[in-house]
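K.L.:
Dropping in protein03.txt, with compact mmCIF, C-alpha atoms and all ligand atoms.
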```txt
# COMPACT_ATOMS: atom_id res chain seq x y z
CA MET A 24 0.00 0.00 0.00
CA LEU A 25 1.17 3.49 -0.84
CA VAL A 26 2.01 5.51 2.27
CA LEU A 27 1.67 9.20 1.62
CA LYS A 28 4.44 11.24 3.22
CA ASN A 29 3.51 14.53 4.89
CA GLU A 30 6.99 15.87 4.35
CA VAL A 31 9.78 15.09 1.90
CA VAL A 32 13.42 16.14 1.63
CA LEU A 33 14.87 16.67 -1.85
CA ASN A 34 18.58 17.43 -1.98
CA ASP A 35 18.97 20.13 0.66
CA LYS A 36 15.35 21.33 0.87
CA LYS A 37 12.31 20.32 2.94
CA PHE A 38 8.82 20.28 1.44
CA LYS A 39 5.42 19.75 3.08
CA ILE A 40 2.25 18.41 1.53
CA LEU A 41 -0.03 20.97 -0.14
CA ILE A 42 -2.38 19.05 -2.44
CA TYR A 43 -3.51 15.46 -1.80
CA PRO A 44 -3.89 12.84 -4.57
CA GLU A 45 -7.72 12.89 -4.25
CA GLN A 46 -7.79 16.66 -4.81
CA ILE A 47 -5.49 16.19 -7.81
CA GLN A 48 -7.80 13.61 -9.37
CA GLU A 49 -10.82 15.90 -8.82
CA ALA A 50 -9.00 18.69 -10.65
CA VAL A 51 -8.03 16.36 -13.51
CA ASP A 52 -11.62 15.08 -13.77
CA LYS A 53 -12.93 18.66 -13.92
CA ILE A 54 -10.62 19.60 -16.81
CA ALA A 55 -11.30 16.34 -18.70
CA LYS A 56 -15.05 16.94 -18.43
CA GLN A 57 -14.72 20.49 -19.75
CA ILE A 58 -12.53 19.42 -22.68
CA ASN A 59 -14.76 16.43 -23.56
CA HIS A 60 -17.66 18.87 -23.70
CA ASP A 61 -15.94 21.74 -25.53
CA TYR A 62 -14.29 19.53 -28.17
CA LYS A 63 -17.06 16.98 -28.70
CA ASP A 64 -17.21 17.66 -32.45
CA LYS A 65 -13.45 18.16 -32.90
CA LYS A 66 -10.27 16.10 -32.93
CA PRO A 67 -7.83 18.14 -30.89
CA VAL A 68 -4.06 17.72 -30.73
CA PHE A 69 -2.77 17.72 -27.17
CA ILE A 70 0.74 19.17 -27.00
CA VAL A 71 2.33 18.01 -23.76
CA THR A 72 5.18 20.14 -22.44
CA LEU A 73 8.07 17.98 -21.21
CA LYS A 74 8.98 17.01 -18.67
CA GLY A 75 6.79 18.61 -16.01
CA ALA A 76 3.39 17.95 -17.59
CA ILE A 77 3.84 14.23 -18.29
CA ILE A 78 2.12 12.89 -15.17
CA PHE A 79 -0.78 15.32 -15.44
CA ALA A 80 -1.06 14.54 -19.17
CA VAL A 81 -1.17 10.78 -18.60
CA ASP A 82 -4.00 11.11 -16.07
CA LEU A 83 -5.86 13.69 -18.18
CA LEU A 84 -5.56 11.89 -21.51
CA LYS A 85 -6.94 8.64 -20.10
CA LYS A 86 -10.13 10.58 -19.35
CA ILE A 87 -10.46 12.18 -22.78
CA GLN A 88 -13.25 10.39 -24.62
CA ILE A 89 -13.03 12.09 -28.00
CA ASP A 90 -10.62 11.24 -30.83
CA CYS A 91 -7.39 13.12 -30.34
CA GLU A 92 -3.70 13.22 -31.21
CA ILE A 93 -0.80 13.59 -28.79
CA GLU A 94 2.42 15.54 -29.37
CA THR A 95 5.25 16.49 -27.02
CA ILE A 96 7.34 19.62 -26.89
CA ARG A 97 10.12 20.71 -24.62
CA ALA A 98 9.87 24.08 -22.90
CA LYS A 99 12.26 24.88 -20.12
CA SER A 100 12.62 28.03 -18.04
CA TYR A 101 13.79 27.05 -14.54
CA GLY A 102 17.09 25.21 -14.97
CA SER A 103 17.96 23.69 -11.62
CA GLY A 104 16.85 26.62 -9.48
CA MET A 105 13.59 27.87 -8.02
CA VAL A 106 13.11 31.14 -9.89
CA SER A 107 11.72 31.39 -13.39
CA GLY A 108 14.69 31.91 -15.68
CA GLY A 109 12.90 34.19 -18.08
CA SER A 110 13.98 32.32 -21.21
CA VAL A 111 12.23 29.49 -22.98
CA LEU A 112 13.72 26.75 -25.10
CA ILE A 113 11.32 25.01 -27.43
CA SER A 114 12.39 21.98 -29.39
CA GLN A 115 10.82 21.02 -32.71
CA MET A 116 7.67 18.98 -32.85
CA THR A 117 7.48 16.07 -35.21
CA GLY A 118 3.76 16.27 -36.02
CA ASN A 119 1.86 18.65 -38.25
CA ILE A 120 -0.65 20.90 -36.47
CA ALA A 121 -1.69 23.07 -39.43
CA GLY A 122 -5.46 23.60 -39.38
CA LYS A 123 -5.84 21.59 -36.17
CA ASP A 124 -7.24 22.50 -32.75
CA VAL A 125 -4.34 22.52 -30.32
CA ILE A 126 -4.53 22.15 -26.56
CA ILE A 127 -1.25 22.90 -24.77
CA VAL A 128 -0.91 20.75 -21.64
CA GLU A 129 1.18 22.52 -18.97
CA ASP A 130 2.19 21.53 -15.46
CA ILE A 131 2.13 25.01 -13.96
CA VAL A 132 1.79 28.61 -15.07
CA ASP A 133 3.93 30.95 -13.01
CA THR A 134 4.92 34.19 -14.73
CA GLY A 135 3.05 33.11 -17.87
CA LEU A 136 6.17 33.56 -20.00
CA THR A 137 6.43 29.92 -21.10
CA VAL A 138 2.83 29.77 -22.28
CA PHE A 139 3.08 33.19 -23.91
CA GLN A 140 6.12 32.14 -25.95
CA LEU A 141 4.80 28.65 -26.67
CA ARG A 142 1.59 30.11 -28.08
CA ARG A 143 3.53 32.55 -30.22
CA GLU A 144 5.78 29.81 -31.62
CA LEU A 145 2.94 27.36 -32.22
CA GLU A 146 0.97 30.01 -34.12
CA LEU A 147 3.73 29.88 -36.77
CA TYR A 148 2.57 26.33 -37.60
CA LYS A 149 -0.91 27.75 -38.48
CA PRO A 150 -3.17 25.71 -36.22
CA ASN A 151 -6.93 26.42 -36.32
CA SER A 152 -7.00 27.25 -32.59
CA ILE A 153 -4.82 27.12 -29.50
CA ARG A 154 -6.03 26.65 -25.94
CA VAL A 155 -4.11 26.02 -22.74
CA ALA A 156 -4.81 23.49 -19.98
CA THR A 157 -2.66 23.80 -16.87
CA PHE A 158 -2.65 21.61 -13.79
CA LEU A 159 -1.55 24.44 -11.47
CA LEU A 160 -1.81 28.23 -11.70
CA LYS A 161 -0.12 30.83 -9.55
CA PRO A 162 -2.58 33.66 -10.32
CA SER A 163 -0.71 36.42 -8.56
CA MET A 164 2.36 35.69 -10.65
CA ILE A 165 0.83 36.20 -14.08
CA SER A 166 2.80 39.04 -15.60
CA ASN A 167 2.33 38.23 -19.27
CA PRO A 168 -0.93 38.73 -21.15
CA VAL A 169 -1.82 35.03 -21.51
CA GLU A 170 -5.19 33.39 -21.59
CA ILE A 171 -5.42 30.12 -19.67
CA ASP A 172 -8.50 28.17 -20.69
CA TYR A 173 -8.49 25.20 -18.31
CA VAL A 174 -7.09 25.41 -14.76
CA GLY A 175 -6.83 22.52 -12.32
CA ILE A 176 -5.93 24.20 -9.03
CA GLU A 177 -4.88 27.74 -8.13
CA ILE A 178 -2.01 27.95 -5.64
CA PRO A 179 -0.11 30.71 -3.85
CA PRO A 180 3.13 31.93 -5.46
CA ASP A 181 5.36 29.43 -3.63
CA PHE A 182 7.70 26.81 -5.09
CA VAL A 183 6.09 23.38 -5.42
CA VAL A 184 7.20 19.87 -6.40
CA GLY A 185 5.53 16.55 -7.13
CA TYR A 186 3.07 15.17 -9.68
CA GLY A 187 5.54 15.90 -12.46
CA LEU A 188 7.14 19.01 -10.99
CA ASP A 189 10.77 18.80 -9.90
CA TYR A 190 13.38 20.42 -7.75
CA ALA A 191 16.69 19.91 -9.61
CA GLU A 192 15.12 16.87 -11.36
CA LEU A 193 13.94 15.20 -8.13
CA GLY A 194 10.37 14.87 -6.90
CA ARG A 195 8.53 14.39 -10.20
CA ASN A 196 7.31 10.93 -9.12
CA LEU A 197 5.62 12.12 -5.91
CA PRO A 198 1.87 11.37 -6.04
CA ALA A 199 0.97 14.60 -4.21
CA VAL A 200 2.05 18.24 -4.54
CA TYR A 201 4.47 19.53 -1.91
CA VAL A 202 5.42 23.12 -1.11
CA LEU A 203 8.79 24.43 0.05
CA LYS A 204 9.01 24.74 3.86
CA GLU A 205 10.30 28.06 5.16
P1 LIG B 1 6.51 30.52 -16.33
O1 LIG B 1 7.11 30.64 -17.68
O2 LIG B 1 5.00 30.59 -16.32
O3 LIG B 1 7.10 31.52 -15.37
O4 LIG B 1 6.96 29.16 -15.72
C1 LIG B 1 6.46 27.97 -16.15
C2 LIG B 1 7.42 26.85 -15.98
O5 LIG B 1 8.28 27.08 -14.85
C3 LIG B 1 6.65 25.59 -15.67
O6 LIG B 1 6.38 24.87 -16.84
C4 LIG B 1 7.61 24.86 -14.75
O7 LIG B 1 8.51 24.10 -15.50
C5 LIG B 1 8.35 25.96 -14.04
N1 LIG B 1 7.74 26.28 -12.73
C6 LIG B 1 6.99 27.36 -12.39
N2 LIG B 1 6.64 27.34 -11.09
C7 LIG B 1 7.17 26.20 -10.58
C8 LIG B 1 7.15 25.60 -9.28
O8 LIG B 1 6.58 26.10 -8.29
N3 LIG B 1 7.80 24.42 -9.16
C9 LIG B 1 8.47 23.82 -10.19
N4 LIG B 1 9.06 22.66 -9.94
N5 LIG B 1 8.51 24.36 -11.43
C10 LIG B 1 7.86 25.53 -11.63
```
Show this structure as structure tokens.
P.N.:
Amino acid sequence: MLVLKNEVVLNDKKFKILIYPEQIQEAVDKIAKQINHDYKDKKPVFIVTLKGAIIFAVDLLKKIQIDCEIETIRAKSYGSGMVSGGSVLISQMTGNIAGKDVIIVEDIVDTGLTVFQLRRELELYKPNSIRVATFLLKPSMISNPVEIDYVGIEIPPDFVVGYGLDYAELGRNLPAVYVLKE
């Protein structure tokens, strides 16, 4: 049986639990329901941002009941630290999204810079539409004019790990979300 830890230590930092697995699944269900409804007559392409969004994407995509395609893209702004780096690296996609309805799947929106730049780059491939689904949102941190269409859970502007999110590559496998302890 899985024993959920209330606190975890990753490298030199301590984290305490913030969001339980049941709350995570409720948030995923909510987004899946909205997308199943909004795209019922469409065949969207989900573009999963690596690596942070993989766990969220796996849970979400299993609940999508319409025909869809899946792509991955790499967008990185944190490096190994805890502050948004301000630059975004996007690697090439293999698929063709021209004329298609794209849904970007993100782990977390912090300053909004990653989503802002991702949208701008993806628009060059001439998709029919682009929407964004994010597992977590730090609303007070949004400093770029980005529209987020589907939000799982809003959190305070603190550094979190787990459920795909890392601290220096550790913690992605945690089944809950943990926040940095002061
Ligand atoms: P933004 O460009 O919106 O500032 O940052 C988005 C990216 O920064 C996310 O995709 C994620 O990789 C990283 N990020 C933002 N906040 C956090 C956080 O609290 N924890 C972790 N592990 N990564 C974060």
K.L.:
Name the closest residue to ligand LIG 1 (chain B) among the candidates A:Val128, A:Leu203, A:Ile87, A:Leu136; distances are taken between atoms, counting only C-alpha atoms and all ligand atoms.
P.N.:
A:Leu136
K.L.:
Looking at A:Val183, A:Val169, A:Ile153, A:Leu83, which one is nearest to Lys53 (chain A), with distances taken over all atoms listed in the file?
P.N.:
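Result for the nearest residue to Lys53 (chain A): A:Leu83.
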K.L.:
Enclose ligand LIG 1 (chain B), meaning all of its atoms listed in the file, in a box aligned along x, y and z, pad it by 4 Å on each side, and list the centre and edge lengths in Å to one decimal, as lines of an AutoDock Vina configuration file.
P.N.:
```
center_x = 7.0
center_y = 27.1
center_z = -13.0
size_x = 12.1
size_y = 16.9
size_z = 17.4
```
K.L.:
Name all residues at most 7 Å from region 154-161 of chain A (count only C-alpha atoms; drop same-chain ones fewer than 3 positions away) and give them as a list of chain:residue names.
P.N.:
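That gives A:Phe79, A:Val125, A:Ile126, A:Ile127, A:Val128, A:Glu129, A:Asp130, A:Ile131, A:Val132, A:Asp133, A:Met164, A:Ile171, A:Asp172, A:Tyr173, A:Val174, A:Gly175, A:Ile176, A:Glu177, A:Ile178, A:Pro179, A:Pro180.
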K.L.:
Would you pick out the contacts of Leu73 (chain A) at 8 Å or less, using only C-alpha atoms, so that residues sharing its chain but fewer than 3 positions from it are not included, and give the list as an NGL selection string?
P.N.:
:A and (76-77 or 95-98)
K.L.:
Taking (9.2, 19.2, 2.8) as a centre in this file's frame and 12 Å as the limit, can you find every polymer residue with an atom that close, using all atoms listed in the file, and give them as a ChimeraX atom specification?
P.N.:
/A:28-41,182-185,190,194,197,199-205
K.L.:
Rounded to one decimal, what separation in Å do you get between CA of Lys149 (chain A) and CA of Gly118 (chain A)?
P.N.:
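These two atoms are separated by 12.6 Å.
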K.L.:
Counting all atoms listed in the file, which residue out of A:Ile78, A:Asp64, A:Ile70, A:Pro162 sits closest to Leu145 (chain A)?
P.N.:
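Checking each candidate against Leu145 (chain A), we get A:Ile70 as the closest.
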K.L.:
Which neighbours of Lys56 (chain A) fall inside 12 Å, counting all atoms listed in the file, when residues of the same chain fewer than 4 positions from it are skipped, and could you give them as a list in words?
P.N.:
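With the cut-off at 12 Å, the set is Glu49, Ala50, Val51, Asp52, His60, Asp61, Tyr62, Lys63, Leu83, Leu84, Lys85, Lys86, Ile87, Gln88, Ile89, Tyr173 and Gly175 of chain A.
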K.L.:
Using atom C7 of ligand LIG 1 (chain B) and CA of Thr134 (chain A) as the two end points, give the distance in Å to one decimal.
P.N.:
9.3 Å
K.L.:
Report, in Å to a single decimal, how far apart atom C2 of ligand LIG 1 (chain B) and CA of Leu193 (chain A) are.
P.N.:
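Value for the CA of Leu193 (chain A)-atom C2 of ligand LIG 1 (chain B) distance: 15.5 Å.
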K.L.:
Which residue out of A:Ile120, A:Leu27, A:Ala80, A:Leu147 has the minimum interatomic distance to Ile42 (chain A) when only C-alpha atoms are used?
P.N.:
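Of A:Ile120, A:Leu27, A:Ala80, A:Leu147, the one nearest Ile42 (chain A), counting only C-alpha atoms, is A:Leu27.
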K.L.:
With all atoms listed in the file as the atoms that count, which of A:Lys123, A:Lys66, A:Val71, A:Thr117 lies nearest to ligand LIG 1 (chain B)?
P.N.:
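Distance minimum relative to ligand LIG 1 (chain B) lands on A:Val71.
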K.L.:
Pick out the closest residue to Met116 (chain A) from this set: A:Glu45, A:Glu144, A:Asp90, A:Asp189. Count only C-alpha atoms.
P.N.:
A:Glu144
